[in-house]
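K.L.:
Please read through the structure below; I'll follow up with questions.
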Amino acid sequence: MERAIRPLILTWLALLVLLALTAGAAWLRLGWVNTAIGLAVALVKALLVALVFMRLRRAHGLLRLAALAGVATLALLFILSGTDYATRTDVPAPFQQPSTVMPRLGEGHGP
Amino acid sequence: MSPSGPLHPDTPTSPIGTPGKGHHAEQFGSREQQVFARSFGMWVFIASEFLFFGPLLFAYFYLRLHFPEACAAASRHTDFLAGTVNTAVLLTSSLLAALAGHAAEAEGAGARRRAARLLVATAALGLVFLALKGYEYHGEFAEHLFPGAGFRPEGVLDDRLRGGMELFFLLYFLMTGLHALHLSVGIGACLWLAAGLRHPPEGGADPGPDKEAVELAGLYWHFVDVVWVFLYPLLYLVGRAGA
């Protein structure tokens with residue numbers, strides 16, 4: 001194998017092993033840990049692709065900063081939106097049938 | 001514009017992506033600066049693409065928080081095997097794109113043809129992905145899993161559960177559809193670039209492939225791959241172990 005492409009091949013093999021790991025782990029009954037494993041493996045796979053395939057490992061600082069700015073902005077928007085949506089109590093959605101929605105005030109007490 | 005047409009009007013003798021060594025457009029101070037500006041522009045674009053997919057991911061986050069059972073029930077209806085095979089196909093296509101970027105760094109006509117072949121192989125795997133995705137969509141339409149008036153997942157009687165599942169499939173089709181759109185653009189870019197690489201510039205010595213253009217197409221391809229890497233566990237792996 002040509003020496004220069006060895007990291008690329010090894011990264012690809014690691015990605016396939018990680019895929020097998022996450023696909024297999026999904027069939028074990030672990031509760032919330034299933035989701036944690038899925039996201040952790042996805043994060044490692046994304047980092048492998050970004051650092052090796054996208055060459056961020058040896059990239060200029062400004063390029064890494066551009067990538068980081070995208071991730072950081074997304075995280076910031078998730079946190080700010082989450083303060084509302086992640087903490088809000090569930091309200092009936094329009095698709096729910098009237099029978100499953102709480103009766104409104106003043107209804108059902110007619111003569 | 002033909003693949004070998006001029007990129008910059010001020011360099012009429014330079015076919016696209018193959019400006020002679022040391023040449024640069026007049027707005028840049030040097031060739032290195034121009035190359036760096038292209039990479040930086042691509043990264044800024046990719047960063048903005050994160051935010052394009054971001055709202056869909058946040059909607060998914062909200063759905064998982066409020067309808068955990070419906071997400072698990074809906075995710076069990078997706079095609080696990082097709083999704084897993086597609087992930088492997090996309091990861092392999094990323095390897096080929098990276099190899100194309102590596103091949104394009106060499107000089108001469110051989111490197112040019114090698115890079116073109118690898119780009120065509122990358123695009124071919126992209127087409128395999130889209131074909132498999134289409135097969136999945138076909139199955140989901142047949143099972144009445146497309147959100148709307150016809151949404152009738154088998155054996156689900158609870159209205160609240162079905163409503164949550166419908167929202168999950170709404171996001172499923174939006175996310176995978178937007179991803180497929182991006183992948184189609186990537187396939188087009190790879191084929192266009194490969195067509196340009198197969199036709200060396202006329203006259204003079206062959207300057208070899210334009211490694212920066214191949215590198216930029218690869219960056220975009222890897223980004224689309226990374227998006228799928230996150231979609232896969234979120235859409236296909238929820239609640240697989242049973243209710």
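Every chain in the structure tokens has a letter given in the order shown (A, B, ...), and although residue numbers restart at 1 in each chain, ligands are simply numbered from 1 in the order shown.
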For chain B, which residues have at least one atom within 8 Å of chain A, if we go by only C-alpha atoms? Write them as JSON, numbers by chain, please.
P.N.:
{"B": [39, 40, 43, 44, 46, 47, 48, 50, 51, 54, 58, 62, 65, 66, 84, 87, 88, 91, 92, 94, 95, 98, 99, 102, 159, 160, 163, 218, 219, 222, 226, 229, 230, 233, 234, 237, 238, 239, 240, 241, 242]}
K.L.:
Any chance you can output those residues with N, CA and C atoms as a CSV table (one decimal), in the first residue's frame?
P.N.:
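Heads up, here's the output in selection24.csv:
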chain,number,residue,atom,x,y,z
B,39,SER,N,-10.4,27.7,-0.4
B,39,SER,CA,-10.7,26.7,0.7
B,39,SER,C,-11.5,27.4,1.8
B,40,PHE,N,-11.1,28.6,2.2
B,40,PHE,CA,-11.7,29.4,3.2
B,40,PHE,C,-13.2,29.6,2.9
B,43,TRP,N,-15.2,26.5,3.4
B,43,TRP,CA,-15.4,26.2,4.8
B,43,TRP,C,-16.5,27.1,5.4
B,44,VAL,N,-16.5,28.3,5.0
B,44,VAL,CA,-17.6,29.3,5.4
B,44,VAL,C,-18.9,28.8,4.9
B,46,ILE,N,-19.7,25.6,4.2
B,46,ILE,CA,-20.0,24.4,5.0
B,46,ILE,C,-20.6,24.8,6.3
B,47,ALA,N,-19.9,25.8,7.0
B,47,ALA,CA,-20.4,26.2,8.3
B,47,ALA,C,-21.8,26.7,8.2
B,48,SER,N,-22.1,27.5,7.1
B,48,SER,CA,-23.5,28.0,7.0
B,48,SER,C,-24.5,26.8,6.7
B,50,PHE,N,-24.3,23.9,8.1
B,50,PHE,CA,-24.6,23.3,9.4
B,50,PHE,C,-25.9,24.0,9.9
B,51,LEU,N,-26.0,25.3,9.7
B,51,LEU,CA,-27.1,26.0,10.3
B,51,LEU,C,-28.3,25.8,9.4
B,54,GLY,N,-29.5,22.7,10.9
B,54,GLY,CA,-29.7,22.9,12.3
B,54,GLY,C,-31.2,22.9,12.8
B,58,PHE,N,-33.1,20.6,15.5
B,58,PHE,CA,-33.7,21.1,16.7
B,58,PHE,C,-35.2,20.6,16.8
B,62,TYR,N,-36.8,18.5,19.8
B,62,TYR,CA,-38.1,18.8,20.5
B,62,TYR,C,-39.0,17.6,20.4
B,65,LEU,N,-38.0,14.8,22.9
B,65,LEU,CA,-38.3,15.2,24.2
B,65,LEU,C,-39.8,15.0,24.6
B,66,HIS,N,-40.7,15.3,23.6
B,66,HIS,CA,-42.1,15.4,23.9
B,66,HIS,C,-42.8,14.1,23.5
B,84,THR,N,-28.4,1.1,7.1
B,84,THR,CA,-27.1,0.7,7.4
B,84,THR,C,-26.2,0.5,6.2
B,87,THR,N,-25.3,3.9,4.8
B,87,THR,CA,-24.2,4.5,5.6
B,87,THR,C,-22.9,4.0,5.1
B,88,ALA,N,-22.7,2.7,5.0
B,88,ALA,CA,-21.5,2.1,4.5
B,88,ALA,C,-21.1,2.6,3.1
B,91,LEU,N,-19.9,6.2,3.4
B,91,LEU,CA,-18.5,6.3,4.0
B,91,LEU,C,-17.5,5.9,3.0
B,92,THR,N,-17.8,4.8,2.2
B,92,THR,CA,-16.9,4.4,1.2
B,92,THR,C,-16.7,5.4,0.1
B,94,SER,N,-16.8,8.5,0.5
B,94,SER,CA,-16.0,9.6,1.1
B,94,SER,C,-14.5,9.2,0.9
B,95,LEU,N,-14.2,7.9,1.2
B,95,LEU,CA,-12.8,7.4,1.0
B,95,LEU,C,-12.4,7.7,-0.4
B,98,ALA,N,-11.6,11.2,-1.0
B,98,ALA,CA,-10.4,11.6,-0.4
B,98,ALA,C,-9.2,11.1,-1.3
B,99,LEU,N,-9.3,9.8,-1.8
B,99,LEU,CA,-8.3,9.3,-2.7
B,99,LEU,C,-8.2,10.1,-4.0
B,102,HIS,N,-6.1,13.0,-3.2
B,102,HIS,CA,-4.7,12.6,-3.1
B,102,HIS,C,-4.1,12.4,-4.5
B,159,ASP,N,-54.4,7.8,19.2
B,159,ASP,CA,-54.3,9.0,18.3
B,159,ASP,C,-53.0,9.8,18.6
B,160,ARG,N,-52.7,9.9,19.9
B,160,ARG,CA,-51.5,10.7,20.3
B,160,ARG,C,-50.2,10.1,19.8
B,163,GLY,N,-50.1,10.6,16.0
B,163,GLY,CA,-49.7,12.0,15.7
B,163,GLY,C,-48.2,12.2,15.9
B,218,GLY,N,-14.3,17.5,-2.9
B,218,GLY,CA,-14.2,16.5,-1.8
B,218,GLY,C,-14.7,17.0,-0.5
B,219,LEU,N,-14.3,18.3,-0.1
B,219,LEU,CA,-14.8,18.9,1.1
B,219,LEU,C,-16.3,18.9,1.2
B,222,HIS,N,-17.6,15.3,1.7
B,222,HIS,CA,-17.4,14.8,3.1
B,222,HIS,C,-18.4,15.5,4.0
B,226,VAL,N,-21.0,13.7,6.5
B,226,VAL,CA,-21.1,13.9,8.0
B,226,VAL,C,-22.5,14.1,8.4
B,229,VAL,N,-24.0,10.8,8.7
B,229,VAL,CA,-23.5,10.1,9.9
B,229,VAL,C,-24.4,10.5,11.1
B,230,PHE,N,-24.9,11.7,11.2
B,230,PHE,CA,-25.7,12.1,12.3
B,230,PHE,C,-27.2,11.6,12.1
B,233,PRO,N,-28.1,7.5,13.2
B,233,PRO,CA,-28.6,7.0,14.5
B,233,PRO,C,-29.9,7.7,14.9
B,234,LEU,N,-30.1,8.9,14.5
B,234,LEU,CA,-31.3,9.7,14.9
B,234,LEU,C,-32.6,9.1,14.2
B,237,LEU,N,-32.0,4.2,14.4
B,237,LEU,CA,-31.6,3.4,15.5
B,237,LEU,C,-32.4,3.6,16.8
B,238,VAL,N,-33.5,4.4,16.7
B,238,VAL,CA,-34.3,4.7,18.0
B,238,VAL,C,-35.2,3.5,18.3
B,239,GLY,N,-35.1,3.0,19.5
B,239,GLY,CA,-36.1,2.0,20.0
B,239,GLY,C,-36.0,0.7,19.2
B,240,ARG,N,-34.8,0.3,18.7
B,240,ARG,CA,-34.7,-0.9,18.0
B,240,ARG,C,-34.8,-2.1,18.9
B,241,ALA,N,-34.4,-1.9,20.2
B,241,ALA,CA,-34.3,-3.0,21.1
B,241,ALA,C,-35.7,-3.4,21.6
B,242,GLY,N,-36.8,-2.7,21.1
B,242,GLY,CA,-38.1,-3.1,21.5
B,242,GLY,C,-38.7,-2.0,22.5
K.L.:
Measure the distance from atom CA of B:Val214 to atom CA of B:His23 in Å and round it to one decimal.
P.N.:
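Atom CA of B:Val214 sits 18.2 Å away from atom CA of B:His23.
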K.L.:
Could you give me, as a list in words, the residues within 10 Å of stretch 139-145 of chain B, counting only C-alpha atoms and dropping anything in the same chain fewer than 2 positions from it?
P.N.:
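The contact residues come out as Ala74, His77, Thr78, Asp79, Lys133, Gly134, Tyr135, Glu136, Tyr137, Pro147, Gly148, Ala149, Gly150, Phe151, Arg152, Pro153, Glu154, Met165, Glu166, Phe169, Leu170 and Phe173 of chain B.
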K.L.:
Interatomic distance between atom CA of B:Phe129 and atom CA of B:Leu174?
P.N.:
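That distance, rounded to one decimal, is 16.8 Å.
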K.L.:
Considering only C-alpha atoms, state which residue in the set B:Ala111, B:Leu235, B:Leu90, B:Ala106 is at the smallest distance from B:Ala180.
P.N.:
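Counting only C-alpha atoms, the residue closest to B:Ala180 is B:Leu90.
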K.L.:
Between atom CA of B:Cys190 and atom CA of A:Gly61, measure the distance and give it in Å to one decimal.
P.N.:
27.3 Å
K.L.:
Stretch 79-181 of chain B: which residues are alpha helix (DSSP H) by DSSP, as a ChimeraX atom specification?
P.N.:
/B:80-103,108-142,159-181
K.L.:
Leaving out B:Ala100 and any residue of its chain fewer than 5 positions from it, which residues lie within 12 Å of it when counting only C-alpha atoms, given as a count of residues only?
P.N.:
37
